[in-house]
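Trainee: Here you go, one structure.
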Amino acid sequence: MVSNTPPIYIDTPLALIPTPKFETGQDDPFTIEASHMALSHNSFIRGFNSIYQQDPRVQHPADKSDFVGYCLAWAECVATHHHYEETEFFPNLDQAAGQKGLMDDAVHEHEAFFGGMERMKKYLLDNGTDFSSTELIAIMGSFKEPLHSHLKAEPSAIMALAKYSTQDNPIDILGIADAAGKIDLIAAKKQVNLGFMFNTLPVFFLNMETVKFEGGMWHGVFPPLKGMAKMVMNKAVPMWHSGRWRFVSCSPDGEAKQLAV
């Protein structure tokens with residue numbers, strides 16, 4: 001008998017990224033910032049994978065409506081992250097280092113998958129619940145390799161910036177990330193208004209598996225939410241649009257979970 005029970009989320013088709021801290025054992029600021037970036041990127045990867053895995057099984061109209069909302073939230077979260085890198089984080093790094101274009105390679109990598117993500121958003125907005133599972137997968141397939149390549153490469157690029165931090169000109173990489181509004185989580189303090197918090201932000205926090213990843217070394221450490229703040233973001237906020245957040249890959253406690261379909 002074929003089981004109709006949805007499967008547990010797995011890390012495919014895109015593989016997760018190891019953090020530099022896990023790989024090197026170092027804990028200098030550049031390693032920590034690069035590791036936070038890798039963890040954030042892994043949330044985007046799990047979001048992509050959760051869409052890719054569930055898309056062929058979404059059949060009922062109500063499920064399709066929620067699923068479209070989930071897909072659009074994921075695309076908005078990733079786009080916001082990269083927008084604020086380009087407009088605030090990267091320029092502030094250049095200023096601190098006294099150099100120009102330190103992260104130009106990352107900007108060019110963004111360009112390689114932005115078009116595909118925009119096609120995905122337009123396709124879902126134009127078609128709504130009438131979207132074709134096959135067509136959505138084809139659109140995602142058109143940008144998944146450049147997206148994954150970028151997500152893997154950027155933490156190493158952050159690590160490489162350490163050479164510009166000297167005794168005469170120290171670079172406060174963690175301070176710059178925070179001042180740029182990046183919070184090392186998604187992209188922008190400035191963007192975390194009520195609309196963004198309720199409509200988009202859960203797709204980030206609820207695709208963050210920390211219980212088993214790298215032996216649980218990031219559990220309770222990143223994202224840096226504790227106590228009431230963690231409860232609000234992981235459990236209370238997702239009560240709004242709860243239908244769309246069914247499709248996330250992880251539980252509020254940071255464990256990979258059974259998928260919605």
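Convention: chains lettered A, B, ... in structure tokens order; per-chain residue numbering from 1; ligands numbered from 1 as shown.
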Please list as a list in words every residue within 8 Å of stretch 53-58 of chain A, counting only C-alpha atoms and excluding residues in the same chain fewer than 6 positions away.

Mentor: Thr12, Lys64, Phe67, Ser133, Thr134, Leu136, Ile137, Phe247, Leu259, Ala260 and Val261 of chain A

Trainee: What residues in stretch 188-251 of chain A get the DSSP label helix (DSSP H, G or I)? Please answer as number ranges by chain.

Mentor: A: 189-191, 194-199, 202-205, 213-216, 227-239, 242-245

Trainee: Considering only C-alpha atoms, return as a list in words whatever protein or nucleic-acid residues lie within 7 Å of A:Leu16, sequence-local ones (same chain, fewer than 4 positions apart) excluded.

Mentor: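 After dropping sequence-adjacent residues, the list is Asp11, Asn42 and Ile45 of chain A.
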
Trainee: Output the selection as a CSV table (one decimal), in the first residue's frame - N, CA and C atoms for each residue.

Mentor:
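Output file result-v7.csv is given in full below:
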chain,number,residue,atom,x,y,z
A,11,ASP,N,17.5,17.5,2.8
A,11,ASP,CA,18.3,18.6,2.2
A,11,ASP,C,18.6,18.3,0.7
A,42,ASN,N,21.7,28.9,4.6
A,42,ASN,CA,21.1,27.6,4.8
A,42,ASN,C,19.6,27.7,5.0
A,45,ILE,N,18.3,28.0,1.6
A,45,ILE,CA,18.4,26.7,0.9
A,45,ILE,C,17.3,25.8,1.3

Trainee: Hey, which of A:Asn49, A:Ser165, A:Ser156, A:Thr210 ends up closest to A:Trp74? Count only C-alpha atoms.

Mentor: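 Using only C-alpha atoms, A:Trp74 sits closest to A:Asn49.
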
Trainee: State, in Å with one decimal place, the distance from atom CA of A:Val107 to atom CA of A:Ile173.

Mentor: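 Between atom CA of A:Val107 and atom CA of A:Ile173 the gap works out to 18.5 Å.
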
Trainee: Residues near A:Ala162, anyone? I mean within 10 Å using only C-alpha atoms, not counting same-chain ones fewer than 3 positions away, as a list of chain:residue names.

Mentor: A:Asp28, A:Pro29, A:Phe30, A:Thr31, A:Ala97, A:Ala157, A:Ile158, A:Met159, A:Ser165, A:Thr166, A:Pro170, A:Ile171, A:Ile173

Trainee: Quick one: write out the picked residues with N, CA and C atoms as a PDB file, in the first residue's frame?

Mentor:
ATOM      1  N   ASP A  28      37.351  34.158  15.326  1.00  0.00           N
ATOM      2  CA  ASP A  28      37.588  35.583  15.113  1.00  0.00           C
ATOM      3  C   ASP A  28      36.349  36.205  14.485  1.00  0.00           C
ATOM      4  N   PRO A  29      36.223  37.539  14.513  1.00  0.00           N
ATOM      5  CA  PRO A  29      35.003  38.182  14.014  1.00  0.00           C
ATOM      6  C   PRO A  29      34.666  37.868  12.556  1.00  0.00           C
ATOM      7  N   PHE A  30      35.673  37.758  11.691  1.00  0.00           N
ATOM      8  CA  PHE A  30      35.385  37.470  10.285  1.00  0.00           C
ATOM      9  C   PHE A  30      34.847  36.048  10.120  1.00  0.00           C
ATOM     10  N   THR A  31      35.379  35.117  10.890  1.00  0.00           N
ATOM     11  CA  THR A  31      34.871  33.745  10.848  1.00  0.00           C
ATOM     12  C   THR A  31      33.441  33.685  11.374  1.00  0.00           C
ATOM     13  N   ALA A  97      37.324  49.552   4.683  1.00  0.00           N
ATOM     14  CA  ALA A  97      38.602  49.038   4.197  1.00  0.00           C
ATOM     15  C   ALA A  97      39.373  50.052   3.368  1.00  0.00           C
ATOM     16  N   ALA A 157      34.069  34.717   0.829  1.00  0.00           N
ATOM     17  CA  ALA A 157      34.432  36.081   0.452  1.00  0.00           C
ATOM     18  C   ALA A 157      34.499  36.986   1.670  1.00  0.00           C
ATOM     19  N   ILE A 158      33.610  36.762   2.619  1.00  0.00           N
ATOM     20  CA  ILE A 158      33.648  37.528   3.875  1.00  0.00           C
ATOM     21  C   ILE A 158      34.906  37.192   4.660  1.00  0.00           C
ATOM     22  N   MET A 159      35.257  35.920   4.724  1.00  0.00           N
ATOM     23  CA  MET A 159      36.484  35.503   5.413  1.00  0.00           C
ATOM     24  C   MET A 159      37.709  36.196   4.810  1.00  0.00           C
ATOM     25  N   SER A 165      41.854  44.163   7.380  1.00  0.00           N
ATOM     26  CA  SER A 165      41.767  44.655   8.747  1.00  0.00           C
ATOM     27  C   SER A 165      43.159  44.620   9.371  1.00  0.00           C
ATOM     28  N   THR A 166      43.728  45.778   9.606  1.00  0.00           N
ATOM     29  CA  THR A 166      45.095  45.878  10.105  1.00  0.00           C
ATOM     30  C   THR A 166      45.103  46.569  11.470  1.00  0.00           C
ATOM     31  N   PRO A 170      41.677  48.758  11.836  1.00  0.00           N
ATOM     32  CA  PRO A 170      40.868  47.572  12.148  1.00  0.00           C
ATOM     33  C   PRO A 170      39.453  47.707  11.593  1.00  0.00           C
ATOM     34  N   ILE A 171      38.924  46.618  11.082  1.00  0.00           N
ATOM     35  CA  ILE A 171      37.572  46.605  10.535  1.00  0.00           C
ATOM     36  C   ILE A 171      36.661  45.836  11.494  1.00  0.00           C
ATOM     37  N   ILE A 173      33.901  44.040  11.540  1.00  0.00           N
ATOM     38  CA  ILE A 173      33.000  43.388  10.607  1.00  0.00           C
ATOM     39  C   ILE A 173      31.629  43.112  11.223  1.00  0.00           C
TER      40      ILE A 173
END

Trainee: Give me the residues near stretch 141-143 of chain A as a ChimeraX atom specification, where near means some atom within 9 Å (using only C-alpha atoms) and where sequence neighbours in that chain fewer than 4 positions away do not count.

Mentor: /A:112-117,136-137,147-148
